[in-house]
Amino acid sequence: MLTLCNLLCGCLGIIAVSQNNFEQAGWLIIAAGVFDFFDGFAARLLKVSSPIGKDLDSLADMVTFGALPGIMVFKMLAQTPTPFNGFQIIALAIPLLSAVRLAQFNNDTRQQYGFIGLPTPAHAFFYAGIAFIVALKPESNAAFWLSNPYVLGALALNTSLLLVAPLPLLGLKFTDFSFRKNYLKYAVIAISLILFLVGGIFTLPTIILMYVLISLIAYLFKL
């Protein structure tokens, strides 16, 4: 039921985007993320799992965290025409590479406690934040740049490549709560909370980029 709630949010989000309601689509991505977290949490708590549940989770994630942000960016790009016909098709890199990412995750035993490539929910949160900025702060400098089709198109392509990049990223699951073993996780959580308290939902893109940056530093310096 929790997984289906995730899928329902994705379907409703696509409907919201079709009506140019990007703010509502952003909130539905956030709500789906909550359901996505609790379906796994509930499965572990109740000690139940099944191949059907695993497949259903990926199918729901594909719609909510792959198709929905891809259609949202496609719609944004279509509203700001460029001299290049069909330029907005670049947004479809989001659902295409999200599908590859989800398939890799389902078949990669190395990703039990960490990630290789950007997780699809985090990627979708990035675009939920962009939706909030564009919809609720249209006069801001951030909205000005994010409304530029070339900037948004470059973001769509490059963040989508992060989904399938062979880059180890921190997992935020805890096997124990000792500071010595988890200081990077605590750092990500603390900085995210500070950013969110200061800037609210508009800081989601910054939080996701910070998460990737800290993971990259940890990988390069073997922290």
# chains A, B, ... in the order shown; residues from 1 in each chain; ligands from 1
$ closest_atom_pairs --of "segment 100-126 of chain A" --to "segment 188-206 of chain A" --cutoff "10 Å" --atoms "only C-alpha atoms" --output "Markdown table"
| residue | atom | partner | partner_atom | distance |
| --- | --- | --- | --- | --- |
| A:Ala122 | CA | A:Leu204 | CA | 9.2 |
| A:His123 | CA | A:Pro205 | CA | 8.9 |
| A:Ala124 | CA | A:Pro205 | CA | 9.7 |
| A:Phe125 | CA | A:Leu204 | CA | 6.5 |
| A:Phe126 | CA | A:Pro205 | CA | 4.4 |
$ residues_around --residues "segment 34-45 of chain A" --least-positions-apart "5" --cutoff "8 Å" --atoms "only C-alpha atoms" --output "number ranges by chain"
A: 2-3, 5-6, 57
$ closest_residue --among "A:Leu184, A:Leu12, A:Val63, A:Ile208" --to "Leu118 of chain A" --atoms "only C-alpha atoms"
A:Ile208
$ closest_residue --among "A:Lys181, A:Ala67, A:Pro119, A:Leu162" --to "Ile15 of chain A" --atoms "only C-alpha atoms"
A:Ala67
$ residues_around --residues "segment 82-94 of chain A" --least-positions-apart "3" --cutoff "6 Å" --atoms "only C-alpha atoms" --output "JSON, numbers by chain"
{"A": [70, 73, 74, 77, 78, 97, 98, 156, 160]}
$ select_by_dssp --residues "segment 4-195 of chain A" --states "helix (DSSP H, G or I)" --output "PyMOL selection string"
chain A and resi 4-18+22-46+51-78+87-106+109-111+120-136+141-146+149-164+179-195
$ atom_distance --atom1 "atom CA of Ser140 of chain A" --atom2 "atom CA of Pro121 of chain A"
25.9 Å
$ residues_around --residues "Leu136 of chain A" --least-positions-apart "5" --cutoff "12 Å" --atoms "only C-alpha atoms" --output "PyMOL selection string"
chain A and resi 21-24+26+128-131+142-143+201-202
$ write_last_selection --atoms "all heavy atoms" --output "PDB file, in the first residue's frame"
ATOM      1  N   ASN A  21       1.151  23.031 -13.211  1.00  0.00           N
ATOM      2  CA  ASN A  21       1.223  23.236 -11.765  1.00  0.00           C
ATOM      3  C   ASN A  21       2.504  22.574 -11.251  1.00  0.00           C
ATOM      4  O   ASN A  21       2.478  21.475 -10.685  1.00  0.00           O
ATOM      5  CB  ASN A  21      -0.002  22.655 -11.069  1.00  0.00           C
ATOM      6  CG  ASN A  21      -0.138  23.135  -9.635  1.00  0.00           C
ATOM      7  OD1 ASN A  21       0.849  23.524  -9.005  1.00  0.00           O
ATOM      8  ND2 ASN A  21      -1.355  23.128  -9.108  1.00  0.00           N
ATOM      9  N   PHE A  22       3.628  23.254 -11.450  1.00  0.00           N
ATOM     10  CA  PHE A  22       4.918  22.684 -11.091  1.00  0.00           C
ATOM     11  C   PHE A  22       5.107  22.610  -9.574  1.00  0.00           C
ATOM     12  O   PHE A  22       5.779  21.708  -9.079  1.00  0.00           O
ATOM     13  CB  PHE A  22       6.048  23.494 -11.732  1.00  0.00           C
ATOM     14  CG  PHE A  22       6.002  23.498 -13.227  1.00  0.00           C
ATOM     15  CD1 PHE A  22       5.849  24.683 -13.934  1.00  0.00           C
ATOM     16  CD2 PHE A  22       6.098  22.318 -13.941  1.00  0.00           C
ATOM     17  CE1 PHE A  22       5.803  24.694 -15.310  1.00  0.00           C
ATOM     18  CE2 PHE A  22       6.052  22.307 -15.325  1.00  0.00           C
ATOM     19  CZ  PHE A  22       5.907  23.503 -16.018  1.00  0.00           C
ATOM     20  N   GLU A  23       4.538  23.565  -8.854  1.00  0.00           N
ATOM     21  CA  GLU A  23       4.655  23.528  -7.402  1.00  0.00           C
ATOM     22  C   GLU A  23       4.002  22.257  -6.849  1.00  0.00           C
ATOM     23  O   GLU A  23       4.588  21.552  -6.012  1.00  0.00           O
ATOM     24  CB  GLU A  23       3.991  24.758  -6.777  1.00  0.00           C
ATOM     25  CG  GLU A  23       4.047  24.739  -5.255  1.00  0.00           C
ATOM     26  CD  GLU A  23       3.169  25.790  -4.602  1.00  0.00           C
ATOM     27  OE1 GLU A  23       2.564  26.608  -5.319  1.00  0.00           O
ATOM     28  OE2 GLU A  23       3.071  25.771  -3.361  1.00  0.00           O
ATOM     29  N   GLN A  24       2.797  21.953  -7.304  1.00  0.00           N
ATOM     30  CA  GLN A  24       2.108  20.758  -6.824  1.00  0.00           C
ATOM     31  C   GLN A  24       2.894  19.502  -7.187  1.00  0.00           C
ATOM     32  O   GLN A  24       3.005  18.571  -6.381  1.00  0.00           O
ATOM     33  CB  GLN A  24       0.700  20.689  -7.414  1.00  0.00           C
ATOM     34  CG  GLN A  24      -0.139  19.555  -6.860  1.00  0.00           C
ATOM     35  CD  GLN A  24      -1.532  19.546  -7.468  1.00  0.00           C
ATOM     36  OE1 GLN A  24      -1.771  18.958  -8.512  1.00  0.00           O
ATOM     37  NE2 GLN A  24      -2.472  20.221  -6.803  1.00  0.00           N
ATOM     38  N   GLY A  26       6.083  19.280  -7.470  1.00  0.00           N
ATOM     39  CA  GLY A  26       7.212  19.218  -6.554  1.00  0.00           C
ATOM     40  C   GLY A  26       6.820  18.621  -5.214  1.00  0.00           C
ATOM     41  O   GLY A  26       7.522  17.765  -4.669  1.00  0.00           O
ATOM     42  N   ALA A 128      12.470  18.733  -7.910  1.00  0.00           N
ATOM     43  CA  ALA A 128      11.381  19.291  -7.108  1.00  0.00           C
ATOM     44  C   ALA A 128      11.785  20.670  -6.600  1.00  0.00           C
ATOM     45  O   ALA A 128      10.994  21.624  -6.621  1.00  0.00           O
ATOM     46  CB  ALA A 128      11.063  18.367  -5.940  1.00  0.00           C
ATOM     47  N   GLY A 129      13.043  20.790  -6.151  1.00  0.00           N
ATOM     48  CA  GLY A 129      13.538  22.088  -5.701  1.00  0.00           C
ATOM     49  C   GLY A 129      13.534  23.118  -6.809  1.00  0.00           C
ATOM     50  O   GLY A 129      13.169  24.293  -6.595  1.00  0.00           O
ATOM     51  N   ILE A 130      13.913  22.714  -8.005  1.00  0.00           N
ATOM     52  CA  ILE A 130      13.879  23.631  -9.155  1.00  0.00           C
ATOM     53  C   ILE A 130      12.450  24.065  -9.435  1.00  0.00           C
ATOM     54  O   ILE A 130      12.183  25.248  -9.709  1.00  0.00           O
ATOM     55  CB  ILE A 130      14.511  22.950 -10.390  1.00  0.00           C
ATOM     56  CG1 ILE A 130      16.033  22.869 -10.209  1.00  0.00           C
ATOM     57  CG2 ILE A 130      14.161  23.710 -11.678  1.00  0.00           C
ATOM     58  CD1 ILE A 130      16.756  22.189 -11.345  1.00  0.00           C
ATOM     59  N   ALA A 131      11.509  23.132  -9.337  1.00  0.00           N
ATOM     60  CA  ALA A 131      10.097  23.465  -9.557  1.00  0.00           C
ATOM     61  C   ALA A 131       9.620  24.504  -8.551  1.00  0.00           C
ATOM     62  O   ALA A 131       8.909  25.462  -8.910  1.00  0.00           O
ATOM     63  CB  ALA A 131       9.236  22.204  -9.463  1.00  0.00           C
ATOM     64  N   ALA A 142      17.968  32.960  -9.124  1.00  0.00           N
ATOM     65  CA  ALA A 142      18.005  31.510  -9.363  1.00  0.00           C
ATOM     66  C   ALA A 142      16.967  31.110 -10.403  1.00  0.00           C
ATOM     67  O   ALA A 142      17.243  30.312 -11.314  1.00  0.00           O
ATOM     68  CB  ALA A 142      17.768  30.758  -8.054  1.00  0.00           C
ATOM     69  N   ALA A 143      15.753  31.666 -10.283  1.00  0.00           N
ATOM     70  CA  ALA A 143      14.696  31.344 -11.241  1.00  0.00           C
ATOM     71  C   ALA A 143      15.060  31.849 -12.633  1.00  0.00           C
ATOM     72  O   ALA A 143      14.745  31.196 -13.641  1.00  0.00           O
ATOM     73  CB  ALA A 143      13.376  31.952 -10.787  1.00  0.00           C
ATOM     74  N   ILE A 201      12.389  24.800   1.359  1.00  0.00           N
ATOM     75  CA  ILE A 201      12.323  23.874   0.232  1.00  0.00           C
ATOM     76  C   ILE A 201      13.146  24.326  -0.970  1.00  0.00           C
ATOM     77  O   ILE A 201      13.489  23.507  -1.825  1.00  0.00           O
ATOM     78  CB  ILE A 201      10.858  23.657  -0.211  1.00  0.00           C
ATOM     79  CG1 ILE A 201      10.198  25.010  -0.530  1.00  0.00           C
ATOM     80  CG2 ILE A 201      10.078  22.898   0.847  1.00  0.00           C
ATOM     81  CD1 ILE A 201       8.797  24.891  -1.072  1.00  0.00           C
ATOM     82  N   PHE A 202      13.483  25.613  -1.003  1.00  0.00           N
ATOM     83  CA  PHE A 202      14.240  26.131  -2.148  1.00  0.00           C
ATOM     84  C   PHE A 202      15.699  25.670  -2.134  1.00  0.00           C
ATOM     85  O   PHE A 202      16.407  25.848  -3.124  1.00  0.00           O
ATOM     86  CB  PHE A 202      14.180  27.663  -2.161  1.00  0.00           C
ATOM     87  CG  PHE A 202      12.773  28.198  -2.130  1.00  0.00           C
ATOM     88  CD1 PHE A 202      12.258  28.772  -0.976  1.00  0.00           C
ATOM     89  CD2 PHE A 202      11.958  28.104  -3.245  1.00  0.00           C
ATOM     90  CE1 PHE A 202      10.956  29.247  -0.943  1.00  0.00           C
ATOM     91  CE2 PHE A 202      10.653  28.574  -3.215  1.00  0.00           C
ATOM     92  CZ  PHE A 202      10.152  29.144  -2.057  1.00  0.00           C
TER      93      PHE A 202
END
$ residues_around --residues "Leu68 of chain A" --least-positions-apart "2" --cutoff "9 Å" --atoms "only C-alpha atoms" --output "PyMOL selection string"
chain A and resi 10-11+13-14+17+25+29+62-66+70-73+95+124
$ write_last_selection --atoms "N, CA, C and O atoms" --output "compact mmCIF listing (two decimals), in the first residue's frame"
# COMPACT_ATOMS: atom_id res chain seq x y z
N GLY A 10 3.22 9.82 -8.11
CA GLY A 10 3.84 10.03 -9.42
C GLY A 10 2.81 10.30 -10.49
O GLY A 10 2.97 11.20 -11.32
N CYS A 11 1.72 9.53 -10.49
CA CYS A 11 0.65 9.73 -11.48
C CYS A 11 0.00 11.11 -11.32
O CYS A 11 -0.23 11.83 -12.31
N GLY A 13 1.36 13.68 -9.97
CA GLY A 13 2.35 14.69 -10.34
C GLY A 13 2.40 14.92 -11.84
O GLY A 13 2.54 16.07 -12.30
N ILE A 14 2.29 13.86 -12.61
CA ILE A 14 2.28 14.00 -14.07
C ILE A 14 1.05 14.79 -14.51
O ILE A 14 1.13 15.65 -15.41
N VAL A 17 1.73 18.44 -13.76
CA VAL A 17 2.63 19.04 -14.76
C VAL A 17 1.87 19.36 -16.04
O VAL A 17 2.09 20.41 -16.66
N ALA A 25 3.47 19.48 -8.38
CA ALA A 25 4.28 18.34 -8.80
C ALA A 25 5.48 18.17 -7.88
O ALA A 25 5.84 17.04 -7.51
N ILE A 29 6.39 14.90 -5.45
CA ILE A 29 7.67 14.18 -5.44
C ILE A 29 8.15 14.01 -4.00
O ILE A 29 8.62 12.94 -3.61
N MET A 62 10.17 4.35 -10.95
CA MET A 62 10.38 4.75 -12.34
C MET A 62 9.39 5.84 -12.75
O MET A 62 9.73 6.81 -13.43
N VAL A 63 8.14 5.69 -12.30
CA VAL A 63 7.12 6.69 -12.64
C VAL A 63 7.37 7.98 -11.88
O VAL A 63 7.43 9.07 -12.47
N THR A 64 7.54 7.87 -10.55
CA THR A 64 7.60 9.05 -9.70
C THR A 64 8.92 9.78 -9.80
O THR A 64 8.95 11.02 -9.84
N PHE A 65 10.03 9.05 -9.79
CA PHE A 65 11.34 9.67 -9.75
C PHE A 65 12.06 9.66 -11.09
O PHE A 65 13.16 10.19 -11.20
N GLY A 66 11.42 9.05 -12.11
CA GLY A 66 12.00 9.05 -13.44
C GLY A 66 11.14 9.79 -14.44
O GLY A 66 11.52 10.83 -14.97
N GLY A 70 11.23 13.99 -15.52
CA GLY A 70 11.56 14.13 -16.93
C GLY A 70 10.50 14.90 -17.69
O GLY A 70 10.79 15.80 -18.48
N ILE A 71 9.22 14.57 -17.44
CA ILE A 71 8.12 15.27 -18.10
C ILE A 71 8.06 16.72 -17.63
O ILE A 71 7.78 17.64 -18.42
N MET A 72 8.37 16.95 -16.36
CA MET A 72 8.35 18.31 -15.81
C MET A 72 9.39 19.18 -16.50
O MET A 72 9.10 20.30 -16.94
N VAL A 73 10.61 18.68 -16.64
CA VAL A 73 11.67 19.45 -17.31
C VAL A 73 11.35 19.61 -18.79
O VAL A 73 11.58 20.67 -19.38
N PRO A 95 14.20 10.24 -17.55
CA PRO A 95 13.57 8.92 -17.38
C PRO A 95 14.38 7.78 -17.96
O PRO A 95 14.38 6.66 -17.40
N ALA A 124 15.29 13.18 -8.20
CA ALA A 124 13.97 13.80 -8.35
C ALA A 124 13.79 14.97 -7.39
O ALA A 124 13.17 15.98 -7.73
